[in-house]
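What follows is one structure encoded as structure tokens, with my remarks underneath.
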Amino acid sequence: MRKSKALVFEMGQPGRRALDLPECDVPAQDAAALIPEKYLRRSPAALPEISQLELMRHYTGLSQRNFGVDSGFYPLGSCTMKYNPKINEEACRYAGFAMLHPLQDPDTVQGALELLYNMEQYLAEIAGMDAVSMQPVAGAHGELTGIKVIQAYHRHRGEARNKVIVPDSAHGTNPATAGVSGLETVEIKSYADGSINLDALRAVVGPDTAALMLTNPSTLGLFEKNIEAIAEIVHDAGGLLYYDGANANAIMGIVRPGDMGFDVVHFNLHKTFSTPHGGGGPGSGPIGVKKALAPFLPAPLVTFDGEKYALDFDRPLSIGKVHSFYGNFGVIVRAYAYIRAMGPDGLRQASEDAVLNANYCLARLKEKYHSPFERFCMHECVLTSKKQKPHGVRTLDIAKRLLDHGYHPPTIYFPLIVEEALMIEPTETESKETLDGFIATMLTIAKEAEEQPEMVKSAPHSTVVGRLDEATAARKPVVRWKKS
Ligand SMILES: *Cc1c(COP(=O)(O)O)cnc(C)c1O
């Protein structure tokens with residue numbers, strides 16, 4: 001299909017219109033009578049004048065320049081860009097959900113409250129927690145809420161604890177959360193195999209430890225085998241364990257953070273539970289906690305007395321509200337539809353397939369791409385461009401070259417502790433044929449890097465714009481139309 005590269009301002013002819021407006025049925029007024037002289041235009045605005053069909057083709061063409069999981073393989077590590085079944089969209093658009101008013105009398109929204117209540121129960125079951133709040137609206141927001149709950153718990157016990165321990169592989173939101181909460185971050189180094197250094201942990205825990213924040217599997221896609229020992233060390237010092245649940249796609253129905261010793265967990269419904277993701281939201285980051293922390297959860301929680309669902313605002317130890325009303329209800333409905341459709345066995349299978357797919361990619365790519373860890377991975381694998389380095393080819397070049405082949409690049413340069421990292425998370429929703437196609441392309445690029453490195457270093461060649469100076473593009477974006 002021919003895609004016009006013209007700007008909308010360069011299209012059309014004077015007098016063309018995309019729609020017909022009805023005749024004005026109120027008396028016309030002169031703008032000069034209503035708006036101060038200095039704000040009036042000297043000449044008419046240079047608005048595009050085009051037909052509806054031209055307009056449709058223009059915007060449809062623009063939308064096709066974007067890349068989404070509906071248009072191709074999107075293997076971003078740490079993000080779980082799995083496919084969102086369209087039935088989830090159908091469910092959340094039912095008028096009985098979509099048209100509710102958040103201030104309606106609870107008696108008139110029993111179905112919506114039942115859904116929230118059930119979600120609290122499901123997530124508690126999946127995470128091995130005792131109580132859940134659906135209020136936070138992002139993973140990072142869940143972290144903030146969870147750490148606030150932990151602070152409230154320590155304060156209630158009369159303890160002043162001001163340090164949060166995070167491993168050097170942590171997602172940036174973990175130390176950021178600690179900072180925003182007024183706590184100090186203490187970083188601990190990982191062993192060369194990617195696991196937590198227990199001696200380093202023992203050296204820093206103490207009476208000032210509020211919490212350890214961890215994701216398991218880690219951001220390296222590796223399962224932390226020493227998790228029980230880690231939990232014991234932190235708990236013995238009176239600290240709590242926070243589970244960053246962004247990587248829960250690896251563990252559903254297999255292990256539970258609560259059983260590993262964690263006290264608080266957040267979920268990213270927009271990652272693990274198949275709801276749209278990206279472009280800044282909306283998201284949903286519910287948190288689950290163990291019994292001792294439940295009194296501090298945000299208010300209200302949904303309660304059920306066997307007959308009726310109600311909202312419990314009478315929570316004197318609560319940290320208060322962290323969002324208006326009950327969180328992003330529409331996202332919760334989507335995730336609910338997904339969980340109900342999958343069932344417990346389906347969720348377990350999703351995790352097993354996610355882990356299988358990542359290990360399949362790792363096994364087939366590690367001959368041509370350096371694998372920094374000699375272990376099985378979980379739902380994502382980390383490779384590097386070390387083998388391409390002698391040819392002058394870097395991870396960024398490989399990522400850009402993938403664009404020429406129609407793939408969204410994986411996450412690159414994260415985790416920070418792996419030099420030239422390339423982090424692939426295929427997710428369970430991709431077929432073997434898709435993975436084989438991606439792997440074949442990665443192997444082709446490895447060959448190109450050896451034989452014609454310039455081809456890779458100057459990629460992409462087939463996209464609308466070539467290699468951008470990304471720092472300048474971010475600092476001085478050109479968004480204005482210039483008449484040529
Ligand atoms: C995505 C992610 C987060 C943050 O979640 P948001 O919903 O984007 O705020 C935190 N930790 C890890 C490991 C993540 O991958």
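Residues are referred to by chain and number: the chain letter is A, B, ... according to the order shown in the structure tokens, the number counts from 1 in that chain, and ligands are numbered separately from 1 in the order shown.
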
* **Selection near Arg401 of chain A, 12 Å with only C-alpha atoms, sequence-local residues under 4 positions removed, as a ChimeraX atom specification** => /A:393-397,405-410,441-446,448-449,453-463,466-467

* Exercise: segment 216-228 of chain A partners within 10 Å, only C-alpha atoms, chain neighbours under 2 positions left out, as a VMD selection string -> chain A and resid 77 to 78 167 to 171 193 to 198 214 230 to 233 243 to 251 257 259 to 262 355 358 372 to 373 375 to 383 414 to 418 421 423 to 425

Could you take the residues named above and write them with C-alpha atoms, as a short mmCIF file (atom, residue, chain, number, x, y, z; two decimals), in the first residue's frame?
data_model
loop_
_atom_site.label_atom_id
_atom_site.label_comp_id
_atom_site.auth_asym_id
_atom_site.auth_seq_id
_atom_site.Cartn_x
_atom_site.Cartn_y
_atom_site.Cartn_z
CA GLY A 77 12.18 -7.63 28.58
CA SER A 78 10.76 -6.66 31.99
CA PRO A 167 20.02 -5.27 44.84
CA ASP A 168 22.08 -3.67 42.06
CA SER A 169 19.88 -5.44 39.51
CA ALA A 170 16.74 -3.64 40.75
CA HIS A 171 14.34 -1.81 38.47
CA ASP A 193 25.82 -15.62 38.59
CA GLY A 194 23.21 -12.90 39.12
CA SER A 195 22.02 -13.97 42.58
CA ILE A 196 22.03 -11.90 45.76
CA ASN A 197 25.25 -11.85 47.74
CA LEU A 198 24.15 -13.07 51.18
CA LEU A 214 13.21 -7.59 45.42
CA ILE A 230 17.27 -13.93 52.33
CA ALA A 231 13.82 -13.65 53.95
CA GLU A 232 15.17 -15.04 57.20
CA ILE A 233 18.06 -12.59 57.32
CA TYR A 243 8.00 -8.17 46.24
CA ASP A 244 8.09 -6.27 42.97
CA GLY A 245 5.53 -8.35 41.09
CA ALA A 246 6.36 -7.08 37.60
CA ASN A 247 7.90 -10.45 36.84
CA ALA A 248 4.93 -12.50 38.08
CA ASN A 249 4.39 -13.84 34.58
CA ALA A 250 7.09 -16.39 35.37
CA ILE A 251 5.55 -17.81 38.53
CA PRO A 257 5.65 -14.56 46.94
CA ASP A 259 5.30 -18.60 50.54
CA MET A 260 8.78 -17.30 49.67
CA GLY A 261 8.61 -15.03 52.72
CA PHE A 262 7.46 -11.75 51.20
CA VAL A 355 9.43 -19.75 30.70
CA ALA A 358 12.31 -17.68 26.84
CA PRO A 372 26.31 -13.83 30.62
CA PHE A 373 24.70 -16.45 32.87
CA ARG A 375 21.77 -21.09 33.84
CA PHE A 376 18.23 -21.70 32.72
CA CYS A 377 16.32 -18.46 32.63
CA MET A 378 12.76 -17.77 33.70
CA HIS A 379 10.36 -15.76 31.51
CA GLU A 380 13.05 -13.60 29.91
CA CYS A 381 16.66 -14.04 28.92
CA VAL A 382 19.61 -11.68 28.87
CA LEU A 383 22.14 -11.77 26.04
CA PHE A 414 18.89 -2.94 30.97
CA PRO A 415 19.61 -4.44 33.45
CA LEU A 416 22.36 -1.90 33.99
CA ILE A 417 24.75 -4.40 35.54
CA VAL A 418 25.13 -6.34 32.29
CA ALA A 421 22.52 -6.04 27.55
CA MET A 423 16.88 -8.59 27.18
CA ILE A 424 14.28 -10.74 25.43
CA GLU A 425 10.87 -11.60 26.89
#

Tell me, counting only C-alpha atoms, for each residue of segment 282-373 of chain A within 9 Å of segment 83-100 of chain A, which pair of atoms is nearest and how far apart they are in Å to one decimal, in rows ordered by chain and increasing number, as a tab-separated table.
residue	atom	partner	partner_atom	distance
A:Phe329	CA	A:Phe97	CA	8.5
A:Gly330	CA	A:Cys92	CA	5.6
A:Val331	CA	A:Cys92	CA	7.7
A:Ile332	CA	A:Cys92	CA	8.5
A:Val333	CA	A:Cys92	CA	5.4
A:Arg334	CA	A:Asn88	CA	4.6
A:Ala335	CA	A:Asn88	CA	7.3
A:Tyr336	CA	A:Asn88	CA	8.2
A:Ala337	CA	A:Asn88	CA	5.6
A:Tyr338	CA	A:Asn88	CA	6.5

* Surrounding residues as an NGL selection string, ligand 1, max 9 Å, only C-alpha atoms and all ligand atoms -> :A and (77-80 or 137-143 or 170-174 or 214-215 or 218-219 or 244-247 or 266-271 or 277-278 or 280-281 or 283-285)

Output file for the selection above: C-alpha atoms, as a PDB file, in the first residue's frame:
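So part_11.pdb came out as:
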ATOM      1  CA  GLY A  77      12.185  -7.630  28.581  1.00  0.00           C
ATOM      2  CA  SER A  78      10.761  -6.657  31.987  1.00  0.00           C
ATOM      3  CA  CYS A  79       7.510  -5.500  30.385  1.00  0.00           C
ATOM      4  CA  THR A  80       5.472  -8.618  29.537  1.00  0.00           C
ATOM      5  CA  VAL A 137      -2.861   2.506  39.296  1.00  0.00           C
ATOM      6  CA  ALA A 138       0.667   1.486  38.231  1.00  0.00           C
ATOM      7  CA  GLY A 139       3.478  -0.760  39.363  1.00  0.00           C
ATOM      8  CA  ALA A 140       5.431   2.214  40.664  1.00  0.00           C
ATOM      9  CA  HIS A 141       2.287   3.459  42.411  1.00  0.00           C
ATOM     10  CA  GLY A 142       1.885   0.025  44.019  1.00  0.00           C
ATOM     11  CA  GLU A 143       5.476   0.253  45.225  1.00  0.00           C
ATOM     12  CA  ALA A 170      16.736  -3.641  40.747  1.00  0.00           C
ATOM     13  CA  HIS A 171      14.339  -1.814  38.474  1.00  0.00           C
ATOM     14  CA  GLY A 172      14.818   1.954  38.776  1.00  0.00           C
ATOM     15  CA  THR A 173      11.397   2.384  40.348  1.00  0.00           C
ATOM     16  CA  ASN A 174      12.528   0.537  43.507  1.00  0.00           C
ATOM     17  CA  LEU A 214      13.206  -7.593  45.417  1.00  0.00           C
ATOM     18  CA  THR A 215      11.753  -9.102  42.307  1.00  0.00           C
ATOM     19  CA  SER A 218      15.136 -10.892  39.164  1.00  0.00           C
ATOM     20  CA  THR A 219      15.383  -8.348  36.395  1.00  0.00           C
ATOM     21  CA  ASP A 244       8.094  -6.268  42.968  1.00  0.00           C
ATOM     22  CA  GLY A 245       5.529  -8.352  41.088  1.00  0.00           C
ATOM     23  CA  ALA A 246       6.359  -7.076  37.604  1.00  0.00           C
ATOM     24  CA  ASN A 247       7.900 -10.452  36.842  1.00  0.00           C
ATOM     25  CA  HIS A 266       2.414  -5.386  43.936  1.00  0.00           C
ATOM     26  CA  PHE A 267       1.017  -6.741  40.701  1.00  0.00           C
ATOM     27  CA  ASN A 268       1.134  -5.050  37.322  1.00  0.00           C
ATOM     28  CA  LEU A 269      -2.253  -6.053  35.930  1.00  0.00           C
ATOM     29  CA  HIS A 270      -1.148  -4.345  32.709  1.00  0.00           C
ATOM     30  CA  LYS A 271       1.764  -6.765  32.416  1.00  0.00           C
ATOM     31  CA  HIS A 277       0.012  -1.419  28.358  1.00  0.00           C
ATOM     32  CA  GLY A 278       2.160   1.407  27.149  1.00  0.00           C
ATOM     33  CA  GLY A 280       1.477   6.015  29.737  1.00  0.00           C
ATOM     34  CA  GLY A 281      -1.494   4.018  30.944  1.00  0.00           C
ATOM     35  CA  GLY A 283      -2.503   0.803  34.384  1.00  0.00           C
ATOM     36  CA  SER A 284      -3.316  -1.010  37.582  1.00  0.00           C
ATOM     37  CA  GLY A 285      -0.885  -1.934  40.345  1.00  0.00           C
TER      38      GLY A 285
END

* To do: Pull the strand (DSSP E or B) assignments for segment 253-326 of chain A out of DSSP run on the backbone, and list those residues as a list of chain:residue names.
  =>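 Here are the strand (DSSP E or B) residues of segment 253-326 of chain A: A:Val264, A:Val265, A:His266, A:Ile287, A:Gly288, A:Val289, A:Leu301, A:Val302, A:Thr303, A:Phe304, A:Tyr309, A:Ala310, A:Leu311, A:Asp312.
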
May I have the residues from that selection written out with C-alpha atoms, as an mmCIF file, in the first residue's frame?
data_model
loop_
_atom_site.group_PDB
_atom_site.id
_atom_site.type_symbol
_atom_site.label_atom_id
_atom_site.label_comp_id
_atom_site.auth_asym_id
_atom_site.auth_seq_id
_atom_site.Cartn_x
_atom_site.Cartn_y
_atom_site.Cartn_z
ATOM 1 C CA VAL A 264 3.992 -7.064 50.562
ATOM 2 C CA VAL A 265 3.622 -7.500 46.815
ATOM 3 C CA HIS A 266 2.414 -5.386 43.936
ATOM 4 C CA ILE A 287 -0.914 -4.552 46.316
ATOM 5 C CA GLY A 288 -1.278 -7.583 48.533
ATOM 6 C CA VAL A 289 -0.086 -7.805 52.137
ATOM 7 C CA LEU A 301 -11.729 -2.056 51.025
ATOM 8 C CA VAL A 302 -14.644 -4.082 49.705
ATOM 9 C CA THR A 303 -16.297 -6.315 52.301
ATOM 10 C CA PHE A 304 -18.895 -9.075 52.008
ATOM 11 C CA TYR A 309 -21.038 -6.147 49.303
ATOM 12 C CA ALA A 310 -20.075 -2.901 50.984
ATOM 13 C CA LEU A 311 -17.242 -0.368 51.125
ATOM 14 C CA ASP A 312 -15.362 -0.269 54.409
#

* To do: Return as number ranges by chain the full set of residues in segment 5-66 of chain A whose backbone-based DSSP assignment is alpha helix (DSSP H).
  => A: 31-34, 52-64

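For the atom pair formed by atom CA of Lys447 of chain A and atom CA of Glu374 of chain A, the distance is 23.2 Å, given to one decimal.
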
* Please, what distance in Å, to one decimal, runs between atom CA of Pro48 of chain A and atom CA of Met11 of chain A? ->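 Spanning atom CA of Pro48 of chain A to atom CA of Met11 of chain A is a straight-line distance of 7.1 Å.
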
* To do: Grab the atom CA of Val204 of chain A to atom CA of Ile188 of chain A distance for me, in Å with one decimal place.
  => 8.2 Å

* Asked: Which neighbours of Gly320 of chain A fall inside 6 Å, counting only C-alpha atoms, when residues of the same chain fewer than 2 positions from it are skipped, and could you give them as a PyMOL selection string?
  -> chain A and resi 298-299+318

* To do: Name the closest residue to Arg16 of chain A among the candidates A:Leu40, A:Ala33, A:Leu422, A:Leu53; distances are taken between atoms, counting only C-alpha atoms.
  =>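 For Arg16 of chain A, the nearest of the candidates is A:Leu53.
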